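*Asks:* Below is entry.pdb; it holds PDB, C-alpha atoms, pLDDT in the B column.
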```
ATOM      1  CA  MET I   1    -138.531  43.626  86.336  1.00 47.00           C
ATOM      2  CA  TYR I   2    -135.762  42.535  83.945  1.00 51.00           C
ATOM      3  CA  LEU I   3    -135.746  38.900  82.883  1.00 62.00           C
ATOM      4  CA  LEU I   4    -132.917  37.287  80.965  1.00 64.00           C
ATOM      5  CA  LEU I   5    -135.027  34.198  80.244  1.00 77.00           C
ATOM      6  CA  SER I   6    -138.510  34.149  78.772  1.00 88.00           C
ATOM      7  CA  PHE I   7    -140.906  31.718  80.415  1.00 93.00           C
ATOM      8  CA  ARG I   8    -141.013  29.541  77.302  1.00 93.00           C
ATOM      9  CA  LYS I   9    -137.207  29.347  77.140  1.00 93.00           C
ATOM     10  CA  LEU I  10    -137.057  28.554  80.861  1.00 95.00           C
ATOM     11  CA  ILE I  11    -139.457  25.629  80.419  1.00 96.00           C
ATOM     12  CA  GLU I  12    -137.551  24.387  77.359  1.00 96.00           C
ATOM     13  CA  ARG I  13    -134.335  24.219  79.380  1.00 96.00           C
ATOM     14  CA  LEU I  14    -136.028  22.377  82.222  1.00 97.00           C
ATOM     15  CA  GLN I  15    -137.581  19.881  79.838  1.00 97.00           C
ATOM     16  CA  LYS I  16    -134.170  19.098  78.344  1.00 97.00           C
ATOM     17  CA  LEU I  17    -133.009  18.152  81.831  1.00 97.00           C
ATOM     18  CA  TYR I  18    -136.066  16.392  83.252  1.00 97.00           C
ATOM     19  CA  GLY I  19    -137.992  15.202  80.220  1.00 97.00           C
ATOM     20  CA  GLU I  20    -141.687  15.010  81.060  1.00 96.00           C
ATOM     21  CA  PRO I  21    -142.291  14.413  84.781  1.00 96.00           C
ATOM     22  CA  ALA I  22    -145.002  11.861  85.455  1.00 94.00           C
ATOM     23  CA  LEU I  23    -148.573  12.880  86.110  1.00 95.00           C
ATOM     24  CA  PRO I  24    -150.043  11.787  89.453  1.00 95.00           C
ATOM     25  CA  PRO I  25    -151.885   8.441  89.316  1.00 96.00           C
ATOM     26  CA  ALA I  26    -155.137  10.168  90.301  1.00 97.00           C
ATOM     27  CA  ARG I  27    -157.702  10.817  87.580  1.00 95.00           C
ATOM     28  CA  GLY I  28    -160.668  13.139  87.864  1.00 96.00           C
ATOM     29  CA  PRO I  29    -161.455  15.680  90.588  1.00 98.00           C
ATOM     30  CA  PHE I  30    -162.460  13.252  93.354  1.00 98.00           C
ATOM     31  CA  GLU I  31    -159.292  11.168  93.038  1.00 98.00           C
ATOM     32  CA  LEU I  32    -157.185  14.321  92.835  1.00 98.00           C
ATOM     33  CA  VAL I  33    -158.725  15.693  96.045  1.00 98.00           C
ATOM     34  CA  MET I  34    -157.905  12.367  97.707  1.00 98.00           C
ATOM     35  CA  TRP I  35    -154.377  12.500  96.264  1.00 97.00           C
ATOM     36  CA  GLU I  36    -153.832  15.914  97.855  1.00 96.00           C
ATOM     37  CA  ASN I  37    -155.034  14.533 101.195  1.00 97.00           C
ATOM     38  CA  ALA I  38    -153.191  11.193 101.071  1.00 96.00           C
ATOM     39  CA  CYS I  39    -150.298  12.274 103.287  1.00 94.00           C
ATOM     40  CA  TYR I  40    -148.572  15.224 104.922  1.00 89.00           C
ATOM     41  CA  LEU I  41    -144.985  16.436 104.362  1.00 85.00           C
ATOM     42  CA  LEU I  42    -143.803  13.135 102.899  1.00 90.00           C
ATOM     43  CA  PRO I  43    -142.210  12.253  99.537  1.00 91.00           C
ATOM     44  CA  ASP I  44    -144.309  11.535  96.464  1.00 92.00           C
ATOM     45  CA  GLU I  45    -143.430   7.837  96.717  1.00 94.00           C
ATOM     46  CA  ARG I  46    -145.188   7.604 100.093  1.00 95.00           C
ATOM     47  CA  ARG I  47    -148.166   9.615  98.802  1.00 96.00           C
ATOM     48  CA  ARG I  48    -148.474   7.161  95.925  1.00 97.00           C
ATOM     49  CA  GLU I  49    -148.255   4.202  98.331  1.00 97.00           C
ATOM     50  CA  VAL I  50    -151.108   5.519 100.494  1.00 97.00           C
ATOM     51  CA  PHE I  51    -153.195   6.515  97.479  1.00 98.00           C
ATOM     52  CA  GLU I  52    -152.797   3.141  95.769  1.00 97.00           C
ATOM     53  CA  GLY I  53    -153.543   1.449  99.089  1.00 97.00           C
ATOM     54  CA  LEU I  54    -156.856   3.281  99.192  1.00 98.00           C
ATOM     55  CA  ARG I  55    -157.556   2.284  95.601  1.00 97.00           C
ATOM     56  CA  ASN I  56    -156.760  -1.401  96.156  1.00 97.00           C
ATOM     57  CA  GLN I  57    -158.085  -1.941  99.684  1.00 97.00           C
ATOM     58  CA  VAL I  58    -161.070   0.421  99.737  1.00 97.00           C
ATOM     59  CA  GLY I  59    -161.877   1.830  96.308  1.00 97.00           C
ATOM     60  CA  LEU I  60    -161.589   5.445  95.255  1.00 97.00           C
ATOM     61  CA  THR I  61    -165.228   6.456  95.224  1.00 97.00           C
ATOM     62  CA  ALA I  62    -167.094   8.576  97.737  1.00 97.00           C
ATOM     63  CA  LYS I  63    -169.437   5.701  98.645  1.00 97.00           C
ATOM     64  CA  LYS I  64    -166.613   3.258  99.300  1.00 97.00           C
ATOM     65  CA  ILE I  65    -164.558   5.729 101.367  1.00 97.00           C
ATOM     66  CA  ALA I  66    -167.646   6.609 103.426  1.00 97.00           C
ATOM     67  CA  ALA I  67    -168.453   2.934 104.063  1.00 97.00           C
ATOM     68  CA  ALA I  68    -164.908   1.757 104.854  1.00 97.00           C
ATOM     69  CA  PRO I  69    -164.288   0.787 108.505  1.00 97.00           C
ATOM     70  CA  ASP I  70    -161.670   2.544 110.588  1.00 96.00           C
ATOM     71  CA  ASP I  71    -159.596  -0.624 110.920  1.00 96.00           C
ATOM     72  CA  VAL I  72    -159.019  -0.467 107.143  1.00 97.00           C
ATOM     73  CA  LEU I  73    -158.533   3.287 106.800  1.00 98.00           C
ATOM     74  CA  LEU I  74    -156.384   3.919 109.871  1.00 97.00           C
ATOM     75  CA  PRO I  75    -153.387   1.717 108.922  1.00 97.00           C
ATOM     76  CA  LEU I  76    -153.273   3.445 105.534  1.00 97.00           C
ATOM     77  CA  ALA I  77    -153.534   6.856 107.199  1.00 97.00           C
ATOM     78  CA  ARG I  78    -150.599   5.985 109.475  1.00 96.00           C
ATOM     79  CA  ARG I  79    -148.453   5.506 106.360  1.00 95.00           C
ATOM     80  CA  GLY I  80    -149.337   9.093 105.460  1.00 95.00           C
ATOM     81  CA  GLY I  81    -147.549  10.718 108.382  1.00 93.00           C
ATOM     82  CA  MET I  82    -148.522  12.459 111.588  1.00 93.00           C
ATOM     83  CA  ARG I  83    -152.101  12.712 112.921  1.00 95.00           C
ATOM     84  CA  PRO I  84    -153.532   9.683 111.106  1.00 96.00           C
ATOM     85  CA  GLU I  85    -156.892   9.978 112.887  1.00 97.00           C
ATOM     86  CA  THR I  86    -157.276  13.494 111.480  1.00 96.00           C
ATOM     87  CA  ARG I  87    -156.441  12.127 108.030  1.00 97.00           C
ATOM     88  CA  VAL I  88    -159.185   9.506 108.285  1.00 98.00           C
ATOM     89  CA  PHE I  89    -161.609  12.219 109.398  1.00 97.00           C
ATOM     90  CA  ARG I  90    -160.688  14.277 106.330  1.00 98.00           C
ATOM     91  CA  TRP I  91    -161.108  11.321 103.975  1.00 98.00           C
ATOM     92  CA  ARG I  92    -164.590  10.781 105.376  1.00 98.00           C
ATOM     93  CA  GLU I  93    -165.319  14.508 105.122  1.00 98.00           C
ATOM     94  CA  ILE I  94    -164.281  14.458 101.436  1.00 98.00           C
ATOM     95  CA  ALA I  95    -166.617  11.532 100.821  1.00 98.00           C
ATOM     96  CA  HIS I  96    -169.457  13.220 102.732  1.00 98.00           C
ATOM     97  CA  ILE I  97    -169.148  16.471 100.754  1.00 98.00           C
ATOM     98  CA  ALA I  98    -168.967  14.592  97.452  1.00 97.00           C
ATOM     99  CA  LEU I  99    -172.076  12.568  98.310  1.00 98.00           C
ATOM    100  CA  THR I 100    -174.206  15.330  99.815  1.00 97.00           C
ATOM    101  CA  GLN I 101    -173.218  18.244  97.594  1.00 95.00           C
ATOM    102  CA  PHE I 102    -172.526  16.486  94.288  1.00 96.00           C
ATOM    103  CA  GLY I 103    -174.425  13.198  94.436  1.00 95.00           C
ATOM    104  CA  GLY I 104    -171.120  11.345  94.528  1.00 93.00           C
ATOM    105  CA  ASN I 105    -170.190  12.576  91.041  1.00 93.00           C
ATOM    106  CA  LEU I 106    -167.537  15.256  91.365  1.00 95.00           C
ATOM    107  CA  ASP I 107    -166.877  15.101  87.615  1.00 95.00           C
ATOM    108  CA  ALA I 108    -169.980  17.249  87.145  1.00 94.00           C
ATOM    109  CA  ILE I 109    -168.091  20.352  88.324  1.00 96.00           C
ATOM    110  CA  LEU I 110    -165.926  20.174  85.192  1.00 96.00           C
ATOM    111  CA  GLN I 111    -168.940  21.341  83.195  1.00 95.00           C
ATOM    112  CA  GLU I 112    -169.301  24.479  85.337  1.00 96.00           C
ATOM    113  CA  PRO I 113    -167.688  27.883  84.684  1.00 96.00           C
ATOM    114  CA  TYR I 114    -164.113  28.028  85.963  1.00 96.00           C
ATOM    115  CA  ALA I 115    -164.814  30.258  88.982  1.00 96.00           C
ATOM    116  CA  LYS I 116    -167.741  28.075  90.102  1.00 97.00           C
ATOM    117  CA  ALA I 117    -165.699  24.886  89.688  1.00 97.00           C
ATOM    118  CA  LYS I 118    -162.935  26.413  91.810  1.00 96.00           C
ATOM    119  CA  ARG I 119    -165.375  27.343  94.562  1.00 97.00           C
ATOM    120  CA  ALA I 120    -166.735  23.798  94.544  1.00 97.00           C
ATOM    121  CA  LEU I 121    -163.278  22.281  95.015  1.00 98.00           C
ATOM    122  CA  LYS I 122    -162.404  24.707  97.803  1.00 97.00           C
ATOM    123  CA  GLN I 123    -165.118  23.123  99.946  1.00 97.00           C
ATOM    124  CA  PHE I 124    -162.818  20.133 100.439  1.00 98.00           C
ATOM    125  CA  PRO I 125    -160.141  19.843 103.158  1.00 97.00           C
ATOM    126  CA  ASN I 126    -156.699  21.288 102.325  1.00 95.00           C
ATOM    127  CA  ILE I 127    -157.830  22.642  98.939  1.00 96.00           C
ATOM    128  CA  GLY I 128    -157.242  26.391  98.566  1.00 93.00           C
ATOM    129  CA  ASP I 129    -156.998  28.468  95.403  1.00 92.00           C
ATOM    130  CA  PRO I 130    -153.717  26.957  94.085  1.00 91.00           C
ATOM    131  CA  GLY I 131    -154.881  23.423  94.894  1.00 94.00           C
ATOM    132  CA  ALA I 132    -158.231  23.903  93.167  1.00 96.00           C
ATOM    133  CA  GLU I 133    -156.506  25.433  90.145  1.00 96.00           C
ATOM    134  CA  LYS I 134    -154.048  22.532  89.988  1.00 96.00           C
ATOM    135  CA  ILE I 135    -156.849  19.959  90.106  1.00 97.00           C
ATOM    136  CA  LEU I 136    -158.693  21.714  87.292  1.00 97.00           C
ATOM    137  CA  LEU I 137    -155.457  21.961  85.303  1.00 96.00           C
ATOM    138  CA  LEU I 138    -154.858  18.213  85.655  1.00 96.00           C
ATOM    139  CA  CYS I 139    -158.413  17.710  84.445  1.00 96.00           C
ATOM    140  CA  GLY I 140    -157.605  19.741  81.314  1.00 95.00           C
ATOM    141  CA  ILE I 141    -159.073  23.088  82.389  1.00 95.00           C
ATOM    142  CA  ALA I 142    -156.770  26.075  82.886  1.00 90.00           C
ATOM    143  CA  GLU I 143    -156.815  29.786  83.554  1.00 90.00           C
ATOM    144  CA  GLY I 144    -153.201  30.625  84.338  1.00 89.00           C
ATOM    145  CA  LEU I 145    -150.463  28.557  85.960  1.00 95.00           C
ATOM    146  CA  PRO I 146    -151.070  27.160  89.459  1.00 94.00           C
ATOM    147  CA  LEU I 147    -147.900  26.866  91.537  1.00 93.00           C
ATOM    148  CA  GLU I 148    -146.871  25.113  94.716  1.00 92.00           C
ATOM    149  CA  SER I 149    -143.952  26.155  96.898  1.00 93.00           C
ATOM    150  CA  ASN I 150    -141.198  24.543  94.787  1.00 95.00           C
ATOM    151  CA  GLY I 151    -142.342  26.052  91.498  1.00 96.00           C
ATOM    152  CA  LEU I 152    -142.956  29.427  93.092  1.00 96.00           C
ATOM    153  CA  ARG I 153    -139.432  29.477  94.529  1.00 96.00           C
ATOM    154  CA  VAL I 154    -137.901  28.729  91.119  1.00 96.00           C
ATOM    155  CA  LEU I 155    -139.770  31.550  89.417  1.00 96.00           C
ATOM    156  CA  VAL I 156    -139.002  34.096  92.133  1.00 95.00           C
ATOM    157  CA  ARG I 157    -135.310  33.226  91.940  1.00 94.00           C
ATOM    158  CA  VAL I 158    -135.131  33.730  88.173  1.00 94.00           C
ATOM    159  CA  GLY I 159    -136.817  37.113  88.508  1.00 92.00           C
ATOM    160  CA  TYR I 160    -140.605  36.724  88.372  1.00 94.00           C
ATOM    161  CA  GLY I 161    -142.475  38.602  91.064  1.00 93.00           C
ATOM    162  CA  ARG I 162    -140.597  39.414  94.231  1.00 90.00           C
ATOM    163  CA  GLU I 163    -139.791  37.640  97.473  1.00 89.00           C
ATOM    164  CA  GLN I 164    -142.039  38.769 100.311  1.00 90.00           C
ATOM    165  CA  LYS I 165    -142.866  37.720 103.857  1.00 89.00           C
ATOM    166  CA  SER I 166    -146.457  37.081 102.815  1.00 92.00           C
ATOM    167  CA  TYR I 167    -146.675  33.892 100.745  1.00 91.00           C
ATOM    168  CA  GLY I 168    -149.958  35.078  99.244  1.00 90.00           C
ATOM    169  CA  ALA I 169    -148.509  38.424  98.186  1.00 94.00           C
ATOM    170  CA  MET I 170    -145.445  36.747  96.687  1.00 95.00           C
ATOM    171  CA  TYR I 171    -147.649  34.276  94.801  1.00 94.00           C
ATOM    172  CA  LYS I 172    -149.759  37.137  93.426  1.00 94.00           C
ATOM    173  CA  SER I 173    -146.687  39.082  92.286  1.00 96.00           C
ATOM    174  CA  VAL I 174    -145.413  36.059  90.326  1.00 95.00           C
ATOM    175  CA  GLU I 175    -148.876  35.456  88.885  1.00 93.00           C
ATOM    176  CA  ASN I 176    -149.064  39.059  87.669  1.00 94.00           C
ATOM    177  CA  ASP I 177    -145.623  38.907  86.028  1.00 94.00           C
ATOM    178  CA  LEU I 178    -146.430  35.609  84.314  1.00 94.00           C
ATOM    179  CA  ALA I 179    -149.827  36.623  82.948  1.00 92.00           C
ATOM    180  CA  PRO I 180    -148.615  38.325  79.723  1.00 92.00           C
ATOM    181  CA  GLU I 181    -146.482  35.288  78.793  1.00 92.00           C
ATOM    182  CA  LEU I 182    -149.260  32.745  79.347  1.00 93.00           C
ATOM    183  CA  LYS I 183    -152.020  34.254  77.235  1.00 88.00           C
ATOM    184  CA  SER I 184    -151.755  31.641  74.485  1.00 87.00           C
ATOM    185  CA  ALA I 185    -150.782  28.646  76.664  1.00 90.00           C
ATOM    186  CA  GLY I 186    -153.153  25.678  76.815  1.00 93.00           C
ATOM    187  CA  ALA I 187    -153.836  23.276  79.665  1.00 93.00           C
ATOM    188  CA  GLN I 188    -151.408  20.619  78.422  1.00 94.00           C
ATOM    189  CA  GLU I 189    -148.542  23.103  78.140  1.00 95.00           C
ATOM    190  CA  LEU I 190    -149.313  24.600  81.552  1.00 96.00           C
ATOM    191  CA  SER I 191    -149.558  21.161  83.156  1.00 96.00           C
ATOM    192  CA  LEU I 192    -146.085  20.302  81.872  1.00 97.00           C
ATOM    193  CA  ALA I 193    -144.726  23.655  83.098  1.00 97.00           C
ATOM    194  CA  HIS I 194    -146.233  23.075  86.543  1.00 97.00           C
ATOM    195  CA  ARG I 195    -144.609  19.639  86.840  1.00 97.00           C
ATOM    196  CA  LEU I 196    -141.221  20.793  85.531  1.00 98.00           C
ATOM    197  CA  LEU I 197    -141.046  23.753  87.918  1.00 98.00           C
ATOM    198  CA  ARG I 198    -142.021  21.521  90.834  1.00 96.00           C
ATOM    199  CA  GLU I 199    -139.408  18.940  89.875  1.00 97.00           C
ATOM    200  CA  HIS I 200    -136.699  21.573  89.548  1.00 97.00           C
ATOM    201  CA  GLY I 201    -137.548  23.065  92.940  1.00 97.00           C
ATOM    202  CA  LYS I 202    -137.324  19.619  94.555  1.00 95.00           C
ATOM    203  CA  THR I 203    -134.154  18.511  92.751  1.00 96.00           C
ATOM    204  CA  LEU I 204    -131.772  21.448  92.207  1.00 97.00           C
ATOM    205  CA  CYS I 205    -133.423  24.750  93.151  1.00 97.00           C
ATOM    206  CA  LYS I 206    -133.947  23.659  96.746  1.00 95.00           C
ATOM    207  CA  ASP I 207    -135.016  25.949  99.542  1.00 93.00           C
ATOM    208  CA  LYS I 208    -131.724  25.377 101.362  1.00 92.00           C
ATOM    209  CA  SER I 209    -128.411  24.711  99.617  1.00 92.00           C
ATOM    210  CA  PRO I 210    -129.593  24.938  95.997  1.00 95.00           C
ATOM    211  CA  ILE I 211    -127.241  23.237  93.532  1.00 95.00           C
ATOM    212  CA  CYS I 212    -126.773  26.248  91.269  1.00 94.00           C
ATOM    213  CA  VAL I 213    -123.693  24.912  89.451  1.00 93.00           C
ATOM    214  CA  GLU I 214    -125.796  22.129  87.873  1.00 95.00           C
ATOM    215  CA  CYS I 215    -128.783  24.320  87.063  1.00 95.00           C
ATOM    216  CA  PRO I 216    -129.783  24.803  83.393  1.00 94.00           C
ATOM    217  CA  LEU I 217    -131.148  28.224  84.383  1.00 93.00           C
ATOM    218  CA  LEU I 218    -127.846  29.421  85.860  1.00 91.00           C
ATOM    219  CA  ARG I 219    -127.273  31.921  83.056  1.00 86.00           C
ATOM    220  CA  GLY I 220    -130.285  34.125  83.463  1.00 79.00           C
ATOM    221  CA  CYS I 221    -130.984  33.473  87.145  1.00 86.00           C
ATOM    222  CA  ASP I 222    -131.198  36.561  89.302  1.00 81.00           C
ATOM    223  CA  TYR I 223    -130.658  34.532  92.515  1.00 87.00           C
ATOM    224  CA  ALA I 224    -127.479  32.840  91.230  1.00 86.00           C
ATOM    225  CA  ALA I 225    -126.090  36.156  90.023  1.00 82.00           C
ATOM    226  CA  ARG I 226    -126.409  37.568  93.532  1.00 79.00           C
TER     227      ARG I 226
END
```
Produce structure tokens that represent the structure in this file.
*Replies:*
Amino acid sequence: MYLLLSFRKLIERLQKLYGEPALPPARGPFELVMWENACYLLPDERRREVFEGLRNQVGLTAKKIAAAPDDVLLPLARRGGMRPETRVFRWREIAHIALTQFGGNLDAILQEPYAKAKRALKQFPNIGDPGAEKILLLCGIAEGLPLESNGLRVLVRVGYGREQKSYGAMYKSVENDLAPELKSAGAQELSLAHRLLREHGKTLCKDKSPICVECPLLRGCDYAAR
């Protein structure tokens, strides 16, 4: 691997363009699990609308989600995209797991060792390794840089890891290449990097028709050079 841009320099350039992208409105592991399950394949604005609807009309605690009637939850779930009934089922499942496995207090997992906290979060719907790592990162706990599809695409294009048919294998290759550069990075720095990479993947470094001519990473991007 030959990289023209160090990871730190890459993030500096993105921050000059985007500033500091906003954190999600969710706070703590339970709210963040609900945030991840608020909608499907819709923009962040719609996710925020559904999430804030749950906060205002129901309350974002396991007890309140579990007790809410379908005629309150279902209209909110419909705003979250296809299969709203499945979404309501998942919200109730999240509440059930939080109540039965954690006494309704998911914050307690933040006191556990990192690997155990990750396993706890992966019990919830739609939360795999990257999702669990992202939730812990947003709670101030980090071991490496969690990525979603936008951030992963940006890093592969500038030369980290390698593009592969297997998403998991590609993710692992990027993770391995990043590891030496992230040894001294703290949770706050990694959280900012995660948000900047995601923003760049959504805005300029798109999956189809990326806008390379406006990209601050143009000089040093392996994809643009090709």
*Asks:* Evaluate the PyMOL selection byres ((chain I and resi 139-154) around 9) against this structure - the residues, as a count of residues only, please.
*Replies:* 49
*Asks:* I'd like the residues picked by the PyMOL selection byres ((chain I and resi 218) around 12) written out as a list in words, using the chain letters and numbers from the file.
*Replies:*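 Against this file, the PyMOL selection byres ((chain I and resi 218) around 12) returns the residues Leu4, Leu5, Leu10, Arg13, Leu14, Val154, Arg157, Val158, Leu204, Cys205, Pro210, Ile211, Cys212, Val213, Glu214, Cys215, Pro216, Leu217, Arg219, Gly220, Cys221, Asp222, Tyr223, Ala224, Ala225 and Arg226 of chain I.
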*Asks:* Separation of atom CA of Leu106 of chain I and atom CA of Ala26 of chain I, in Å?
*Replies:* 13.4 Å
*Asks:* Might you spell out which residues the PyMOL selection byres ((chain I and resi 44) around 12) would select in the displayed file, as a list in words?
*Replies:*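 So the PyMOL selection byres ((chain I and resi 44) around 12) ends up selecting Ala22, Leu23, Pro24, Pro25, Trp35, Glu36, Ala38, Cys39, Tyr40, Leu41, Leu42, Pro43, Glu45, Arg46, Arg47, Arg48, Glu49, Val50, Phe51, Glu52, Gly80, Arg198, Glu199 and Lys202 of chain I.
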*Asks:* For the residues in the current selection, export C-alpha atoms as a PDB file, in the coordinates of the input.
*Replies:*
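Contents of the output file part_10.pdb:
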```pdb
ATOM      1  CA  ALA I  22    -145.002  11.861  85.455  1.00 94.00           C
ATOM      2  CA  LEU I  23    -148.573  12.880  86.110  1.00 95.00           C
ATOM      3  CA  PRO I  24    -150.043  11.787  89.453  1.00 95.00           C
ATOM      4  CA  PRO I  25    -151.885   8.441  89.316  1.00 96.00           C
ATOM      5  CA  TRP I  35    -154.377  12.500  96.264  1.00 97.00           C
ATOM      6  CA  GLU I  36    -153.832  15.914  97.855  1.00 96.00           C
ATOM      7  CA  ALA I  38    -153.191  11.193 101.071  1.00 96.00           C
ATOM      8  CA  CYS I  39    -150.298  12.274 103.287  1.00 94.00           C
ATOM      9  CA  TYR I  40    -148.572  15.224 104.922  1.00 89.00           C
ATOM     10  CA  LEU I  41    -144.985  16.436 104.362  1.00 85.00           C
ATOM     11  CA  LEU I  42    -143.803  13.135 102.899  1.00 90.00           C
ATOM     12  CA  PRO I  43    -142.210  12.253  99.537  1.00 91.00           C
ATOM     13  CA  GLU I  45    -143.430   7.837  96.717  1.00 94.00           C
ATOM     14  CA  ARG I  46    -145.188   7.604 100.093  1.00 95.00           C
ATOM     15  CA  ARG I  47    -148.166   9.615  98.802  1.00 96.00           C
ATOM     16  CA  ARG I  48    -148.474   7.161  95.925  1.00 97.00           C
ATOM     17  CA  GLU I  49    -148.255   4.202  98.331  1.00 97.00           C
ATOM     18  CA  VAL I  50    -151.108   5.519 100.494  1.00 97.00           C
ATOM     19  CA  PHE I  51    -153.195   6.515  97.479  1.00 98.00           C
ATOM     20  CA  GLU I  52    -152.797   3.141  95.769  1.00 97.00           C
ATOM     21  CA  GLY I  80    -149.337   9.093 105.460  1.00 95.00           C
ATOM     22  CA  ARG I 198    -142.021  21.521  90.834  1.00 96.00           C
ATOM     23  CA  GLU I 199    -139.408  18.940  89.875  1.00 97.00           C
ATOM     24  CA  LYS I 202    -137.324  19.619  94.555  1.00 95.00           C
TER      25      LYS I 202
END
```
*Asks:* Rounded to one decimal, what separation in Å do you get between atom CA of Glu31 of chain I and atom CA of Leu60 of chain I?
*Replies:*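 The value is 6.6 Å.
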*Asks:* For Glu93 of chain I, which of I:Pro113, I:Pro125, I:Gly19, I:Gly59 is the closest residue, counting all atoms listed in the file?
*Replies:* I:Pro125
*Asks:* Can you measure atom CA of Val88 of chain I to atom CA of Ala66 of chain I for me? One decimal in Å is fine.
*Replies:*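 Spanning atom CA of Val88 of chain I to atom CA of Ala66 of chain I is a straight-line distance of 10.2 Å.
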